[in-house]
Every structure is written in C-alpha cells, then in structure tokens.
Amino acid sequence: MGLFSALMGNAGIVNNDQLNKDYHKLLTEGEIIELGFKLLRDTFIFTSKRLILVDVQGLTGSKTEFMSVSYKSISRFSVETSGTFDLDAELKIWISGEALPSIRKRFNKSVNVFDVQNVLAFHVLK
C-alpha cells in the first residue's frame with residue numbers, strides 16, 4: 001500500500017501472520033483471524049466470530065480503541081466498486097437500529113471488494 005493511498009484513508013490488505021502477531025491478545029478461544037485491512041494507523045479485522053476495528057488515537061498513537069462488532073448486529077452492508085475516475089472501492093456497514101452507516105472504509109485497488117463482501121455475507125447471513 002502506498003503512502004499516498006494511506007494518507008487518503010484507503011485500506012490495504014494485511015498479512016494474517018502479522019495480524020495474529022499484533023492482535024492475538026484480542027482473540028477468544030477458538031477465534032481465528034480470517035482477513036484484515038490497514039489504513040495509515042487503523043486496522044480492521046474480520047475474525048471467525050466478529051469484526052474488530054482498531055482505532056489508533058492522538059498524535060503519538062499511544063491510545064488505542066478496540067471496537068468489537070458482532071456479525072449478528074450488522075443489519076446490512078454495501079460495497080461500491082471503483083470506477084474509471086473514482087479509483088477507490090468503499091464498504092459501508094449498518095449496525096441494527098441505525099439509519100446511517102456506522103462504519104465506512106475505502107479500499108485501494110490492491111483489495112478485491114468482492115472478497116470483503118464474501119466474508120461479510122458468510123458471517124452475516126448465518
């Protein structure tokens with residue numbers, strides 16, 4: 001992932017070995033990381049049980065929020081593919097009871113948004 005893409009808030013895929021090394025303490029027994037993406041400082045992770053959003057805060061990045069979203073609380077989601085002039089794809093996730101998307105993430109071309117959609121659909125439609 002290029003620095004320009006990261007500065008623009010675009011996500012790139014992260015190696016599962018690196019995700020396991022960095023975030024193994026967040027996982028419950030039997031939970032595995034399936035797919036993860038990183039923005040400049042933030043990360044979001046699809047596990048076998050939930051979606052984990054890692055929000056690094058402040059200038060120094062010494063404070064971090066870990067938000068856990070169960071798949072059953074996701075009421076709907078959408079993926080928007082990139083176009084000719086709009087080079088980024090976008091993921092929107094609505095949490096039950098909310099009118100506007102609670103989570104919005106942009107992906108650069110290194111991420112296949114259909115892979116992201118497949119992971120979400122697999123878990124949300126169980």
# chains A, B, ... in the order shown; residues from 1 in each chain; ligands from 1
$ residues_around --residues "Asn112 (chain A)" --least-positions-apart "6" --cutoff "12 Å" --atoms "only C-alpha atoms" --output "list of chain:residue names"
A:Ala11, A:Gly12, A:Ile13, A:Leu35, A:Phe37, A:Val79, A:Glu80, A:Thr81, A:Ser82, A:Asp88, A:Ala89, A:Glu90, A:Leu91, A:Arg106, A:Asn118, A:Val119
$ write_last_selection --atoms "C-alpha atoms" --output "JSON list (two decimals), in the first residue's frame"
[["chain", "number", "residue", "atom", "x", "y", "z"],
["A", 11, "ALA", "CA", -7.20, 0.39, 3.15],
["A", 12, "GLY", "CA", -4.80, -2.30, 2.02],
["A", 13, "ILE", "CA", -4.78, -5.98, 2.92],
["A", 35, "LEU", "CA", -8.97, -11.24, 6.80],
["A", 37, "PHE", "CA", -7.02, -4.40, 6.35],
["A", 79, "VAL", "CA", -19.79, -2.47, -1.36],
["A", 80, "GLU", "CA", -19.15, 0.04, -4.09],
["A", 81, "THR", "CA", -16.63, -0.87, -6.74],
["A", 82, "SER", "CA", -14.05, 1.51, -8.10],
["A", 88, "ASP", "CA", -11.33, 3.56, -4.66],
["A", 89, "ALA", "CA", -13.90, 0.98, -3.61],
["A", 90, "GLU", "CA", -15.97, 1.56, -0.47],
["A", 91, "LEU", "CA", -17.51, -0.63, 2.21],
["A", 106, "ARG", "CA", -12.32, 2.92, 1.49],
["A", 118, "ASN", "CA", -17.95, -12.62, 0.71],
["A", 119, "VAL", "CA", -16.53, -12.65, 4.25]]
$ residues_around --residues "Phe77 (chain A)" --least-positions-apart "4" --cutoff "9 Å" --atoms "only C-alpha atoms" --output "PDB file with C-alpha atoms, in the first residue's frame"
ATOM      1  CA  LEU A  91     -17.510  -0.632   2.209  1.00  0.00           C
ATOM      2  CA  LYS A  92     -20.443   0.616   4.314  1.00  0.00           C
ATOM      3  CA  ILE A  93     -21.809  -1.292   7.310  1.00  0.00           C
ATOM      4  CA  TRP A  94     -25.030  -0.502   9.181  1.00  0.00           C
ATOM      5  CA  ILE A  95     -25.456  -1.636  12.776  1.00  0.00           C
ATOM      6  CA  PRO A 101     -23.800   3.540   8.063  1.00  0.00           C
ATOM      7  CA  GLN A 117     -18.266  -8.819   0.655  1.00  0.00           C
ATOM      8  CA  LEU A 120     -19.275 -10.338   5.498  1.00  0.00           C
ATOM      9  CA  ALA A 121     -22.044 -12.221   3.688  1.00  0.00           C
TER      10      ALA A 121
END
$ closest_residue --among "A:Gly97, A:Val14, A:Lys49, A:Asp42" --to "Glu29 (chain A)" --atoms "only C-alpha atoms"
A:Lys49
$ atom_distance --atom1 "CA of Asn16 (chain A)" --atom2 "CA of Leu51 (chain A)"
14.5 Å
$ closest_residue --among "A:Thr43, A:Thr60, A:Ser68, A:Ser96" --to "Leu19 (chain A)" --atoms "only C-alpha atoms"
A:Thr43
$ closest_residue --among "A:Phe114, A:Arg50, A:Gly61, A:Asp55" --to "Ile74 (chain A)" --atoms "only C-alpha atoms"
A:Arg50
$ select_by_dssp --residues "chain A" --states "strand (DSSP E or B)" --output "PDB file with N, CA and C atoms, in the first residue's frame"
ATOM      1  N   ASN A  10      -7.294   5.111   2.453  1.00  0.00           N
ATOM      2  CA  ASN A  10      -7.591   3.878   1.756  1.00  0.00           C
ATOM      3  C   ASN A  10      -6.974   2.694   2.481  1.00  0.00           C
ATOM      4  N   ALA A  11      -7.670   1.573   2.451  1.00  0.00           N
ATOM      5  CA  ALA A  11      -7.202   0.389   3.148  1.00  0.00           C
ATOM      6  C   ALA A  11      -6.486  -0.550   2.206  1.00  0.00           C
ATOM      7  N   GLY A  12      -5.504  -1.254   2.742  1.00  0.00           N
ATOM      8  CA  GLY A  12      -4.801  -2.301   2.019  1.00  0.00           C
ATOM      9  C   GLY A  12      -4.799  -3.560   2.858  1.00  0.00           C
ATOM     10  N   ILE A  13      -4.716  -4.704   2.211  1.00  0.00           N
ATOM     11  CA  ILE A  13      -4.782  -5.983   2.917  1.00  0.00           C
ATOM     12  C   ILE A  13      -3.523  -6.186   3.765  1.00  0.00           C
ATOM     13  N   ILE A  33      -8.385 -15.220  12.941  1.00  0.00           N
ATOM     14  CA  ILE A  33      -8.437 -14.079  12.028  1.00  0.00           C
ATOM     15  C   ILE A  33      -8.560 -14.611  10.611  1.00  0.00           C
ATOM     16  N   GLU A  34      -9.557 -14.094   9.880  1.00  0.00           N
ATOM     17  CA  GLU A  34      -9.781 -14.542   8.511  1.00  0.00           C
ATOM     18  C   GLU A  34      -9.244 -13.559   7.481  1.00  0.00           C
ATOM     19  N   LEU A  35      -9.360 -12.259   7.769  1.00  0.00           N
ATOM     20  CA  LEU A  35      -8.973 -11.239   6.802  1.00  0.00           C
ATOM     21  C   LEU A  35      -8.796  -9.927   7.542  1.00  0.00           C
ATOM     22  N   GLY A  36      -7.811  -9.131   7.163  1.00  0.00           N
ATOM     23  CA  GLY A  36      -7.600  -7.845   7.821  1.00  0.00           C
ATOM     24  C   GLY A  36      -7.103  -6.784   6.853  1.00  0.00           C
ATOM     25  N   PHE A  37      -7.419  -5.543   7.173  1.00  0.00           N
ATOM     26  CA  PHE A  37      -7.023  -4.401   6.353  1.00  0.00           C
ATOM     27  C   PHE A  37      -6.465  -3.312   7.234  1.00  0.00           C
ATOM     28  N   LYS A  38      -5.514  -2.555   6.707  1.00  0.00           N
ATOM     29  CA  LYS A  38      -4.890  -1.492   7.480  1.00  0.00           C
ATOM     30  C   LYS A  38      -4.960  -0.191   6.708  1.00  0.00           C
ATOM     31  N   THR A  43      -6.702  -0.326  11.852  1.00  0.00           N
ATOM     32  CA  THR A  43      -6.811  -1.658  11.282  1.00  0.00           C
ATOM     33  C   THR A  43      -8.221  -2.174  11.519  1.00  0.00           C
ATOM     34  N   PHE A  44      -8.761  -2.911  10.573  1.00  0.00           N
ATOM     35  CA  PHE A  44      -9.979  -3.642  10.866  1.00  0.00           C
ATOM     36  C   PHE A  44      -9.812  -5.079  10.444  1.00  0.00           C
ATOM     37  N   ILE A  45     -10.366  -5.963  11.300  1.00  0.00           N
ATOM     38  CA  ILE A  45     -10.079  -7.385  11.227  1.00  0.00           C
ATOM     39  C   ILE A  45     -11.380  -8.170  11.216  1.00  0.00           C
ATOM     40  N   PHE A  46     -11.530  -9.061  10.250  1.00  0.00           N
ATOM     41  CA  PHE A  46     -12.651  -9.995  10.210  1.00  0.00           C
ATOM     42  C   PHE A  46     -12.175 -11.286  10.841  1.00  0.00           C
ATOM     43  N   THR A  47     -12.831 -11.698  11.931  1.00  0.00           N
ATOM     44  CA  THR A  47     -12.479 -12.963  12.575  1.00  0.00           C
ATOM     45  C   THR A  47     -13.604 -13.961  12.329  1.00  0.00           C
ATOM     46  N   ARG A  50     -16.379 -12.208  14.838  1.00  0.00           N
ATOM     47  CA  ARG A  50     -16.767 -10.793  14.905  1.00  0.00           C
ATOM     48  C   ARG A  50     -15.872  -9.943  14.013  1.00  0.00           C
ATOM     49  N   LEU A  51     -16.232  -8.685  13.946  1.00  0.00           N
ATOM     50  CA  LEU A  51     -15.423  -7.684  13.259  1.00  0.00           C
ATOM     51  C   LEU A  51     -14.760  -6.846  14.339  1.00  0.00           C
ATOM     52  N   ILE A  52     -13.446  -6.682  14.263  1.00  0.00           N
ATOM     53  CA  ILE A  52     -12.704  -5.882  15.241  1.00  0.00           C
ATOM     54  C   ILE A  52     -12.140  -4.666  14.523  1.00  0.00           C
ATOM     55  N   LEU A  53     -12.442  -3.470  15.045  1.00  0.00           N
ATOM     56  CA  LEU A  53     -11.925  -2.223  14.496  1.00  0.00           C
ATOM     57  C   LEU A  53     -10.907  -1.665  15.480  1.00  0.00           C
ATOM     58  N   VAL A  54      -9.705  -1.428  15.010  1.00  0.00           N
ATOM     59  CA  VAL A  54      -8.619  -0.912  15.844  1.00  0.00           C
ATOM     60  C   VAL A  54      -8.384   0.534  15.439  1.00  0.00           C
ATOM     61  N   ASP A  55      -8.684   1.457  16.355  1.00  0.00           N
ATOM     62  CA  ASP A  55      -8.591   2.896  16.095  1.00  0.00           C
ATOM     63  C   ASP A  55      -7.462   3.484  16.924  1.00  0.00           C
ATOM     64  N   VAL A  56      -6.345   3.800  16.274  1.00  0.00           N
ATOM     65  CA  VAL A  56      -5.210   4.423  16.951  1.00  0.00           C
ATOM     66  C   VAL A  56      -5.504   5.916  17.053  1.00  0.00           C
ATOM     67  N   GLN A  57      -5.415   6.463  18.274  1.00  0.00           N
ATOM     68  CA  GLN A  57      -5.841   7.842  18.522  1.00  0.00           C
ATOM     69  C   GLN A  57      -4.676   8.725  18.943  1.00  0.00           C
ATOM     70  N   LYS A  63      -2.691   5.904  22.471  1.00  0.00           N
ATOM     71  CA  LYS A  63      -4.017   5.484  22.916  1.00  0.00           C
ATOM     72  C   LYS A  63      -4.705   4.768  21.757  1.00  0.00           C
ATOM     73  N   THR A  64      -5.287   3.596  22.056  1.00  0.00           N
ATOM     74  CA  THR A  64      -5.927   2.793  21.029  1.00  0.00           C
ATOM     75  C   THR A  64      -7.285   2.317  21.509  1.00  0.00           C
ATOM     76  N   GLU A  65      -8.291   2.429  20.633  1.00  0.00           N
ATOM     77  CA  GLU A  65      -9.619   1.891  20.919  1.00  0.00           C
ATOM     78  C   GLU A  65      -9.802   0.623  20.099  1.00  0.00           C
ATOM     79  N   PHE A  66     -10.307  -0.425  20.739  1.00  0.00           N
ATOM     80  CA  PHE A  66     -10.613  -1.682  20.077  1.00  0.00           C
ATOM     81  C   PHE A  66     -12.124  -1.854  20.115  1.00  0.00           C
ATOM     82  N   MET A  67     -12.778  -1.747  18.968  1.00  0.00           N
ATOM     83  CA  MET A  67     -14.232  -1.867  18.889  1.00  0.00           C
ATOM     84  C   MET A  67     -14.582  -3.228  18.307  1.00  0.00           C
ATOM     85  N   SER A  68     -15.437  -3.951  18.998  1.00  0.00           N
ATOM     86  CA  SER A  68     -15.855  -5.274  18.569  1.00  0.00           C
ATOM     87  C   SER A  68     -17.306  -5.212  18.114  1.00  0.00           C
ATOM     88  N   VAL A  69     -17.575  -5.688  16.907  1.00  0.00           N
ATOM     89  CA  VAL A  69     -18.935  -5.687  16.355  1.00  0.00           C
ATOM     90  C   VAL A  69     -19.294  -7.127  16.028  1.00  0.00           C
ATOM     91  N   SER A  70     -20.330  -7.632  16.679  1.00  0.00           N
ATOM     92  CA  SER A  70     -20.753  -8.998  16.364  1.00  0.00           C
ATOM     93  C   SER A  70     -21.428  -8.999  14.997  1.00  0.00           C
ATOM     94  N   ILE A  74     -24.985  -6.647  12.616  1.00  0.00           N
ATOM     95  CA  ILE A  74     -24.912  -5.958  11.328  1.00  0.00           C
ATOM     96  C   ILE A  74     -26.218  -6.199  10.588  1.00  0.00           C
ATOM     97  N   SER A  75     -26.958  -5.112  10.340  1.00  0.00           N
ATOM     98  CA  SER A  75     -28.258  -5.254   9.689  1.00  0.00           C
ATOM     99  C   SER A  75     -28.159  -5.264   8.172  1.00  0.00           C
ATOM    100  N   ARG A  76     -27.166  -4.572   7.617  1.00  0.00           N
ATOM    101  CA  ARG A  76     -26.945  -4.567   6.167  1.00  0.00           C
ATOM    102  C   ARG A  76     -25.566  -3.997   5.876  1.00  0.00           C
ATOM    103  N   PHE A  77     -25.126  -4.197   4.660  1.00  0.00           N
ATOM    104  CA  PHE A  77     -23.845  -3.645   4.232  1.00  0.00           C
ATOM    105  C   PHE A  77     -23.886  -3.457   2.730  1.00  0.00           C
ATOM    106  N   SER A  78     -22.989  -2.619   2.246  1.00  0.00           N
ATOM    107  CA  SER A  78     -22.876  -2.428   0.803  1.00  0.00           C
ATOM    108  C   SER A  78     -21.415  -2.282   0.426  1.00  0.00           C
ATOM    109  N   VAL A  79     -21.105  -2.702  -0.791  1.00  0.00           N
ATOM    110  CA  VAL A  79     -19.790  -2.473  -1.360  1.00  0.00           C
ATOM    111  C   VAL A  79     -19.989  -1.709  -2.656  1.00  0.00           C
ATOM    112  N   GLU A  80     -19.119  -0.765  -2.870  1.00  0.00           N
ATOM    113  CA  GLU A  80     -19.151   0.043  -4.085  1.00  0.00           C
ATOM    114  C   GLU A  80     -17.820  -0.165  -4.778  1.00  0.00           C
ATOM    115  N   ALA A  89     -12.670   1.699  -3.935  1.00  0.00           N
ATOM    116  CA  ALA A  89     -13.898   0.985  -3.612  1.00  0.00           C
ATOM    117  C   ALA A  89     -14.268   1.346  -2.180  1.00  0.00           C
ATOM    118  N   GLU A  90     -15.530   1.177  -1.820  1.00  0.00           N
ATOM    119  CA  GLU A  90     -15.969   1.563  -0.473  1.00  0.00           C
ATOM    120  C   GLU A  90     -16.855   0.483   0.129  1.00  0.00           C
ATOM    121  N   LEU A  91     -16.689   0.281   1.426  1.00  0.00           N
ATOM    122  CA  LEU A  91     -17.510  -0.632   2.209  1.00  0.00           C
ATOM    123  C   LEU A  91     -18.289   0.199   3.218  1.00  0.00           C
ATOM    124  N   LYS A  92     -19.600  -0.038   3.309  1.00  0.00           N
ATOM    125  CA  LYS A  92     -20.443   0.616   4.314  1.00  0.00           C
ATOM    126  C   LYS A  92     -21.153  -0.479   5.101  1.00  0.00           C
ATOM    127  N   ILE A  93     -21.163  -0.322   6.434  1.00  0.00           N
ATOM    128  CA  ILE A  93     -21.809  -1.292   7.310  1.00  0.00           C
ATOM    129  C   ILE A  93     -22.779  -0.554   8.224  1.00  0.00           C
ATOM    130  N   TRP A  94     -24.025  -1.052   8.289  1.00  0.00           N
ATOM    131  CA  TRP A  94     -25.030  -0.502   9.181  1.00  0.00           C
ATOM    132  C   TRP A  94     -25.194  -1.449  10.362  1.00  0.00           C
ATOM    133  N   ILE A  95     -25.191  -0.880  11.560  1.00  0.00           N
ATOM    134  CA  ILE A  95     -25.456  -1.636  12.776  1.00  0.00           C
ATOM    135  C   ILE A  95     -26.955  -1.531  13.053  1.00  0.00           C
ATOM    136  N   ILE A 103     -20.104   2.247   9.935  1.00  0.00           N
ATOM    137  CA  ILE A 103     -18.719   2.007   9.546  1.00  0.00           C
ATOM    138  C   ILE A 103     -18.603   2.259   8.048  1.00  0.00           C
ATOM    139  N   ARG A 104     -17.595   3.062   7.671  1.00  0.00           N
ATOM    140  CA  ARG A 104     -17.304   3.336   6.258  1.00  0.00           C
ATOM    141  C   ARG A 104     -15.802   3.191   6.057  1.00  0.00           C
ATOM    142  N   LYS A 105     -15.420   2.366   5.108  1.00  0.00           N
ATOM    143  CA  LYS A 105     -13.998   2.163   4.812  1.00  0.00           C
ATOM    144  C   LYS A 105     -13.791   2.212   3.309  1.00  0.00           C
ATOM    145  N   ARG A 106     -12.683   2.822   2.909  1.00  0.00           N
ATOM    146  CA  ARG A 106     -12.317   2.915   1.494  1.00  0.00           C
ATOM    147  C   ARG A 106     -11.132   1.990   1.228  1.00  0.00           C
ATOM    148  N   PHE A 107     -11.156   1.333   0.070  1.00  0.00           N
ATOM    149  CA  PHE A 107     -10.124   0.390  -0.307  1.00  0.00           C
ATOM    150  C   PHE A 107      -9.437   0.837  -1.582  1.00  0.00           C
TER     151      PHE A 107
END
$ select_by_dssp --residues "chain A" --states "helix (DSSP H, G or I)" --output "ChimeraX atom specification"
/A:3-7,16-26,71-73,113-124
